[in-house]
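> Just so it is clear, I am handing over input.cif, which has mmCIF, C-alpha atoms and all ligand atoms.
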```cif
data_my_file
loop_
_atom_site.label_atom_id
_atom_site.label_comp_id
_atom_site.auth_asym_id
_atom_site.auth_seq_id
_atom_site.Cartn_x
_atom_site.Cartn_y
_atom_site.Cartn_z
CA MET A 322 21.73 9.80 26.85
CA ALA A 323 24.22 10.95 24.21
CA ARG A 324 22.50 11.60 20.90
CA LYS A 325 24.72 11.60 17.80
CA PHE A 326 24.62 14.99 16.09
CA PHE A 327 22.70 14.91 12.81
CA VAL A 328 23.11 17.28 9.88
CA GLY A 329 20.77 17.01 6.93
CA GLY A 330 21.13 18.90 3.67
CA ASN A 331 17.84 19.49 1.88
CA TRP A 332 18.76 20.49 -1.66
CA LYS A 333 15.08 21.01 -2.52
CA CYS A 334 14.27 21.49 -6.22
CA ASN A 335 17.75 22.56 -7.25
CA GLY A 336 20.66 21.34 -9.34
CA THR A 337 21.96 20.15 -12.64
CA THR A 338 24.23 17.15 -13.08
CA GLU A 339 27.26 19.45 -13.12
CA GLU A 340 26.14 21.45 -10.07
CA VAL A 341 25.37 18.28 -8.15
CA LYS A 342 28.82 16.87 -8.89
CA LYS A 343 30.39 20.09 -7.57
CA ILE A 344 28.43 19.90 -4.31
CA VAL A 345 29.43 16.26 -3.87
CA ASN A 346 33.07 17.24 -4.41
CA VAL A 347 32.86 19.88 -1.69
CA LEU A 348 31.50 17.24 0.67
CA ASN A 349 34.02 14.54 -0.28
CA GLU A 350 36.92 17.01 0.04
CA GLY A 351 35.62 18.63 3.22
CA GLN A 352 37.48 18.09 6.51
CA VAL A 353 34.50 17.01 8.61
CA PRO A 354 34.31 15.25 12.00
CA SER A 355 34.19 11.46 12.04
CA THR A 356 30.98 9.52 11.71
CA ASP A 357 31.28 8.79 15.43
CA VAL A 358 30.61 12.50 16.02
CA VAL A 359 28.13 13.46 13.31
CA GLU A 360 25.70 11.77 10.92
CA VAL A 361 25.42 13.57 7.61
CA VAL A 362 22.54 12.93 5.20
CA VAL A 363 22.06 14.94 2.01
CA SER A 364 18.82 15.03 0.08
CA PRO A 365 19.04 15.74 -3.66
CA PRO A 366 16.04 15.77 -5.96
CA PHE A 367 14.86 12.25 -6.87
CA VAL A 368 16.49 12.36 -10.34
CA PHE A 369 19.96 12.78 -8.83
CA LEU A 370 19.67 10.26 -5.98
CA PRO A 371 21.50 7.30 -7.65
CA LEU A 372 24.23 9.60 -9.01
CA VAL A 373 24.83 11.36 -5.67
CA LYS A 374 24.78 8.06 -3.80
CA SER A 375 27.35 6.62 -6.20
CA LEU A 376 29.70 9.63 -5.89
CA LEU A 377 29.54 10.37 -2.15
CA LYS A 378 32.13 8.99 0.28
CA PRO A 379 30.59 6.22 2.43
CA ASP A 380 30.67 8.61 5.43
CA PHE A 381 27.70 10.45 3.91
CA HIS A 382 24.21 9.12 3.29
CA VAL A 383 21.33 10.18 1.07
CA ALA A 384 17.65 10.87 1.60
CA ALA A 385 14.72 11.32 -0.75
CA GLN A 386 12.74 14.52 -0.20
CA ASN A 387 9.41 12.70 -0.08
CA CYS A 388 7.68 9.43 -0.91
CA TRP A 389 4.17 8.13 -1.49
CA VAL A 390 1.87 7.04 1.31
CA LYS A 391 1.48 3.39 0.28
CA LYS A 392 2.73 0.71 -2.11
CA GLY A 393 3.12 1.85 -5.72
CA GLY A 394 0.45 1.60 -8.43
CA ALA A 395 -1.79 3.99 -10.32
CA PHE A 396 -0.37 7.10 -8.67
CA THR A 397 1.08 9.08 -11.56
CA GLY A 398 4.16 11.05 -10.65
CA GLU A 399 4.64 9.50 -7.22
CA ILE A 400 7.74 7.67 -5.95
CA SER A 401 7.08 4.84 -3.50
CA ALA A 402 9.04 3.94 -0.38
CA ASP A 403 9.44 0.50 -1.99
CA MET A 404 11.30 2.10 -4.91
CA LEU A 405 13.64 3.95 -2.55
CA VAL A 406 14.39 0.70 -0.75
CA ASN A 407 14.99 -0.97 -4.12
CA LEU A 408 17.55 1.76 -4.92
CA ASP A 409 19.14 1.33 -1.48
CA ILE A 410 18.21 4.89 -0.47
CA PRO A 411 18.11 4.73 3.35
CA TRP A 412 16.46 8.00 4.36
CA VAL A 413 13.43 10.07 3.42
CA ILE A 414 12.27 13.52 4.46
CA LEU A 415 8.51 13.61 5.15
CA GLY A 416 6.11 16.38 6.11
CA HIS A 417 8.29 19.24 4.95
CA SER A 418 6.38 22.49 5.39
CA GLU A 419 6.72 23.31 1.71
CA ARG A 420 4.65 20.18 1.00
CA ARG A 421 2.26 20.80 3.88
CA GLN A 422 1.69 24.37 2.67
CA LEU A 423 1.87 24.02 -1.12
CA LEU A 424 0.37 20.56 -1.52
CA ASN A 425 -1.95 20.58 1.50
CA GLU A 426 -0.38 17.54 3.12
CA ALA A 427 -2.48 17.07 6.27
CA ASN A 428 -1.02 15.87 9.58
CA GLU A 429 -2.76 12.48 9.23
CA PHE A 430 -1.46 12.03 5.68
CA VAL A 431 2.08 12.79 6.85
CA GLY A 432 1.62 10.38 9.76
CA ASP A 433 0.51 7.65 7.36
CA LYS A 434 3.51 8.36 5.13
CA VAL A 435 5.91 8.11 8.08
CA ALA A 436 4.36 4.81 9.20
CA TYR A 437 4.51 3.28 5.74
CA ALA A 438 8.09 4.43 5.07
CA LEU A 439 9.25 2.99 8.41
CA SER A 440 7.40 -0.26 7.69
CA LYS A 441 9.50 -0.65 4.53
CA GLY A 442 12.72 -0.10 6.48
CA LEU A 443 13.40 3.52 5.59
CA LYS A 444 14.69 6.01 8.16
CA VAL A 445 12.65 9.18 8.35
CA ILE A 446 13.36 12.87 8.92
CA ALA A 447 9.89 13.98 10.00
CA CYS A 448 9.30 17.74 9.78
CA VAL A 449 7.07 19.89 11.98
CA GLY A 450 6.78 23.65 12.33
CA GLU A 451 4.43 26.57 12.73
CA THR A 452 3.69 29.56 10.49
CA LEU A 453 4.36 33.13 11.57
CA GLU A 454 0.63 33.69 12.14
CA GLN A 455 0.46 30.62 14.37
CA ARG A 456 3.49 31.77 16.36
CA GLU A 457 2.12 35.29 16.73
CA ALA A 458 -1.16 33.76 17.90
CA GLY A 459 0.77 31.86 20.60
CA SER A 460 -0.15 28.47 19.19
CA THR A 461 3.33 27.20 18.27
CA MET A 462 3.27 24.26 20.65
CA ASP A 463 -0.34 23.36 19.81
CA VAL A 464 0.63 23.14 16.14
CA VAL A 465 3.85 21.17 16.46
CA ALA A 466 2.30 18.88 19.10
CA ALA A 467 -0.60 18.08 16.75
CA GLN A 468 1.83 17.38 13.92
CA THR A 469 3.92 15.12 16.16
CA LYS A 470 0.82 13.41 17.61
CA ALA A 471 -0.32 12.43 14.10
CA ILE A 472 2.98 10.53 13.81
CA ALA A 473 2.96 9.09 17.34
CA GLU A 474 -0.57 7.69 16.82
CA ARG A 475 0.71 5.62 13.91
CA VAL A 476 4.25 4.72 15.00
CA SER A 477 5.48 2.77 18.02
CA ASP A 478 9.20 2.47 17.19
CA TRP A 479 10.92 5.87 17.06
CA SER A 480 14.45 4.50 16.64
CA ASN A 481 14.50 5.38 12.93
CA ILE A 482 12.93 8.81 13.20
CA VAL A 483 14.73 12.15 13.42
CA LEU A 484 12.29 14.95 14.28
CA ALA A 485 12.99 18.26 12.50
CA TYR A 486 11.55 21.45 13.95
CA GLU A 487 11.42 23.92 11.06
CA PRO A 488 9.48 27.09 11.80
CA VAL A 489 7.90 28.07 8.50
CA TRP A 490 8.71 31.73 9.14
CA ALA A 491 12.45 30.89 9.23
CA ILE A 492 12.62 28.74 6.09
CA GLY A 493 14.30 30.53 3.22
CA THR A 494 13.79 33.92 4.86
CA GLY A 495 17.14 34.60 6.50
CA LYS A 496 15.17 35.08 9.75
CA VAL A 497 16.70 32.26 11.77
CA ALA A 498 15.12 31.35 15.11
CA THR A 499 17.15 32.61 18.04
CA PRO A 500 18.94 29.89 20.02
CA ALA A 501 16.44 30.50 22.83
CA GLN A 502 13.45 30.13 20.49
CA ALA A 503 14.82 26.90 19.04
CA GLN A 504 15.74 25.49 22.47
CA GLU A 505 12.30 26.32 23.87
CA VAL A 506 10.40 24.42 21.17
CA HIS A 507 12.88 21.53 21.13
CA PHE A 508 12.58 21.22 24.91
CA GLU A 509 8.76 21.27 24.71
CA LEU A 510 8.81 18.68 21.91
CA ARG A 511 11.04 16.42 23.99
CA LYS A 512 8.68 16.91 26.95
CA TRP A 513 5.78 15.99 24.68
CA LEU A 514 7.57 12.81 23.58
CA HIS A 515 8.31 11.98 27.23
CA ALA A 516 4.64 12.26 28.15
CA ASN A 517 3.10 10.74 25.02
CA THR A 518 5.56 8.08 23.87
CA SER A 519 8.12 7.16 26.54
CA PRO A 520 11.03 8.63 28.52
CA GLU A 521 13.36 6.42 26.46
CA VAL A 522 12.02 7.76 23.15
CA ALA A 523 12.22 11.32 24.44
CA SER A 524 15.81 10.84 25.50
CA ALA A 525 16.98 9.03 22.36
CA THR A 526 15.18 10.90 19.59
CA ARG A 527 17.27 13.53 17.79
CA ILE A 528 15.38 16.80 17.44
CA ILE A 529 17.04 18.94 14.78
CA TYR A 530 16.44 22.55 13.78
CA GLY A 531 15.87 23.90 10.27
CA GLY A 532 15.26 27.42 9.00
CA SER A 533 17.98 29.76 7.68
CA VAL A 534 20.85 27.89 9.33
CA ASN A 535 24.23 29.04 8.02
CA GLY A 536 27.92 28.95 8.83
CA ALA A 537 27.61 32.01 11.06
CA ASN A 538 24.65 31.04 13.27
CA CYS A 539 25.09 27.26 13.53
CA LYS A 540 27.52 27.18 16.48
CA GLU A 541 25.24 29.01 18.92
CA LEU A 542 22.25 26.92 17.86
CA ALA A 543 24.27 23.70 18.16
CA ALA A 544 25.23 24.65 21.72
CA GLN A 545 21.60 24.39 22.87
CA PRO A 546 21.02 21.22 24.94
CA ASP A 547 17.99 20.04 22.97
CA VAL A 548 19.25 20.97 19.51
CA ASP A 549 20.68 17.72 18.14
CA GLY A 550 21.52 18.99 14.69
CA PHE A 551 20.15 20.72 11.63
CA LEU A 552 18.15 20.31 8.47
CA VAL A 553 19.77 22.84 6.17
CA GLY A 554 18.30 24.18 2.96
CA GLY A 555 20.05 26.93 1.03
CA ALA A 556 23.37 26.72 2.87
CA SER A 557 23.65 22.97 2.11
CA LEU A 558 24.27 23.88 -1.51
CA LYS A 559 27.31 25.99 -0.54
CA PRO A 560 30.78 25.25 0.87
CA GLU A 561 29.64 26.68 4.22
CA PHE A 562 27.73 23.42 4.70
CA ILE A 563 31.08 21.99 5.82
CA ASP A 564 31.21 24.60 8.62
CA ILE A 565 27.70 23.63 9.66
CA ILE A 566 28.72 19.96 9.83
CA LYS A 567 31.74 20.98 11.93
CA SER A 568 29.41 22.62 14.47
CA ALA A 569 28.93 19.08 15.74
CA GLU A 570 32.35 19.30 17.41
O1 LIG B 1 13.62 23.91 4.50
C1 LIG B 1 14.65 23.81 5.14
C2 LIG B 1 15.47 25.01 5.56
O2 LIG B 1 15.73 25.80 4.42
P1 LIG B 1 16.70 27.08 4.59
O3 LIG B 1 17.93 26.57 5.33
O4 LIG B 1 17.00 27.51 3.19
O5 LIG B 1 15.93 28.10 5.41
N1 LIG B 1 15.10 22.60 5.47
O6 LIG B 1 14.38 21.48 5.13
#
```
For this file, produce the structure as structure tokens.

Amino acid sequence: MARKFFVGGNWKCNGTTEEVKKIVNVLNEGQVPSTDVVEVVVSPPFVFLPLVKSLLKPDFHVAAQNCWVKKGGAFTGEISADMLVNLDIPWVILGHSERRQLLNEANEFVGDKVAYALSKGLKVIACVGETLEQREAGSTMDVVAAQTKAIAERVSDWSNIVLAYEPVWAIGTGKVATPAQAQEVHFELRKWLHANTSPEVASATRIIYGGSVNGANCKELAAQPDVDGFLVGGASLKPEFIDIIKSAE
């Protein structure tokens, strides 16, 4: 089954109004492949979501970087999936390792968030990934399978989920996974989906890689059969993000 290439740009906690406008200009001016070839979703901080959405060409879509686990209410500081839907924000990143690590978001909590966001009609980039210690201990697949299982136990329809494998040791470090390392985990994740959800879900679900992707290493990674795209951090703030989008060709 042909899976449309997916490139996400996770801007993380970065930007001013002026900087955000510049990044949007680079995207709008960029010569990128058609939307038949690649799906591009950028994820600014919450405060810039309406602005970025209003300025981007319709070829590009926006994602929030997180949302709360249930309907809104007395949860100071949280943003609910319902609010994102109200603002016509179609995507949300959930389970990013920076939230799992820094805010102790447990697998079950992330699974609940994914289920609630999907139930409100959002599309979800669901992140999994192991730490360097876990990889060195040989438990990479145990970790990412447990993270994926916590989603699969709560979700039956995977058609609005993109699964992002982001090894923690590659995020922000410049130590990108080798194409073989990425392919190995993506292949095992797809095998896990085949056995634990369905062959159809395994075949259709885009599994994207994140962790120090840049304009120089994206082509070789994109050539791997089970790498269906990227979730890009630092490089998504730079003009080279256009080169990464072009790796879909
Ligand atoms: O966290 C990341 C990757 O960040 P970098 O590309 O900066 O390693 N994506 O969500």
> Please identify the residues whose atoms come within 7 Å of ligand LIG 1 (chain B), using all atoms listed in the file, and report them as number ranges by chain.
A: 331, 417, 487, 491-495, 531-534, 552-556
> Next, write the just-selected residues to a file, as a CSV table (one decimal), in the frame of the given file, keeping C-alpha atoms as the atom set.

```csv
chain,number,residue,atom,x,y,z
A,331,ASN,CA,17.8,19.5,1.9
A,417,HIS,CA,8.3,19.2,5.0
A,487,GLU,CA,11.4,23.9,11.1
A,491,ALA,CA,12.4,30.9,9.2
A,492,ILE,CA,12.6,28.7,6.1
A,493,GLY,CA,14.3,30.5,3.2
A,494,THR,CA,13.8,33.9,4.9
A,495,GLY,CA,17.1,34.6,6.5
A,531,GLY,CA,15.9,23.9,10.3
A,532,GLY,CA,15.3,27.4,9.0
A,533,SER,CA,18.0,29.8,7.7
A,534,VAL,CA,20.8,27.9,9.3
A,552,LEU,CA,18.2,20.3,8.5
A,553,VAL,CA,19.8,22.8,6.2
A,554,GLY,CA,18.3,24.2,3.0
A,555,GLY,CA,20.0,26.9,1.0
A,556,ALA,CA,23.4,26.7,2.9
```
> Which residue is closest to A:Gly329? Choose from A:Phe396, A:Phe381, A:Trp513, A:Trp479 and count only C-alpha atoms.
A:Phe381
> Sort by chain and increasing residue number a table of all residues of stretch 440-496 of chain A within 12 Å of stretch 357-370 of chain A, each with its closest pair of atoms and their distance in Å to one decimal, counting all atoms listed in the file, and write it as a tab-separated table.

```
residue	atom	partner	partner_atom	distance
A:Lys444	CA	A:Val362	CA	10.9
A:Val445	CA	A:Val362	CA	11.0
A:Ile446	CA	A:Val362	CA	9.9
A:Val483	CA	A:Glu360	CA	11.3
```
> Hey, can you pull every residue with an atom no more than 6 Å from (8.3, 9.5, -2.3), using all atoms listed in the file, and send it as a list of chain:residue names?
A:Asn387, A:Cys388, A:Trp389, A:Ile400, A:Ser401, A:Ala402
> With all atoms of stretch 332-343 of chain A from the file as input, state the centre and edge lengths in Å to one decimal of the axis-aligned box that has 8 Å extra on each side, as JSON.

```
{"center_x": 22.3, "center_y": 19.7, "center_z": -7.4, "size_x": 32.1, "size_y": 21.7, "size_z": 27.5}
```
> Nearest residue to A:Ala436 out of A:Ala503, A:Ile472, A:Gln422, A:Lys333, using all atoms listed in the file?
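Closest to A:Ala436, using all atoms listed in the file: A:Ile472.
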> If I take atom CA of A:Glu419 and atom CA of A:Val489, how far is one from the other in Å, to one decimal?
8.4 Å
> Could you state the separation of atom CA of A:Lys540 and atom CA of A:Arg527 in Å, given to one decimal place?
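Going from atom CA of A:Lys540 over to atom CA of A:Arg527, I get 17.1 Å.
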> Could you please determine the separation between atom CA of A:Pro379 and atom CA of A:Glu340 in Å, to one decimal place?
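Atom-to-atom, atom CA of A:Pro379 and atom CA of A:Glu340 are spaced 20.2 Å apart.
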> If we count all atoms listed in the file and set the cut-off at 10 Å, which residues sit around A:Asn346, ignoring sequence neighbours fewer than 3 positions away in its own chain? Please answer as a ChimeraX atom specification.
/A:340-343,349-351,376-378,560
> Find the residue from A:Ile528, A:Val435, A:Ile566, A:Val449 that sits nearest to A:Ser418; use all atoms listed in the file when measuring.
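Using all atoms listed in the file, the shortest distance to A:Ser418 belongs to A:Val449.
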> Could you give me, as an MDAnalysis selection string, the residues within 10 Å of A:Pro546, counting only C-alpha atoms and dropping anything in the same chain fewer than 5 positions from it?
chainID A and resid 504 507:508
> Closest to A:Tyr530 among A:Val328, A:Lys559, A:Ser440, A:Gly459, using only C-alpha atoms?
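Among the listed residues, the smallest separation from A:Tyr530 belongs to A:Val328.
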> Counting all atoms listed in the file, which of A:Met462, A:Thr469, A:Glu451, A:Met404 gets nearest to A:Asn428?
A:Thr469
> Can you work out which one of A:Ser355, A:Asn517, A:Thr452, A:Thr526 has the shortest atom-to-atom distance to A:Asp547, counting only C-alpha atoms?
A:Thr526
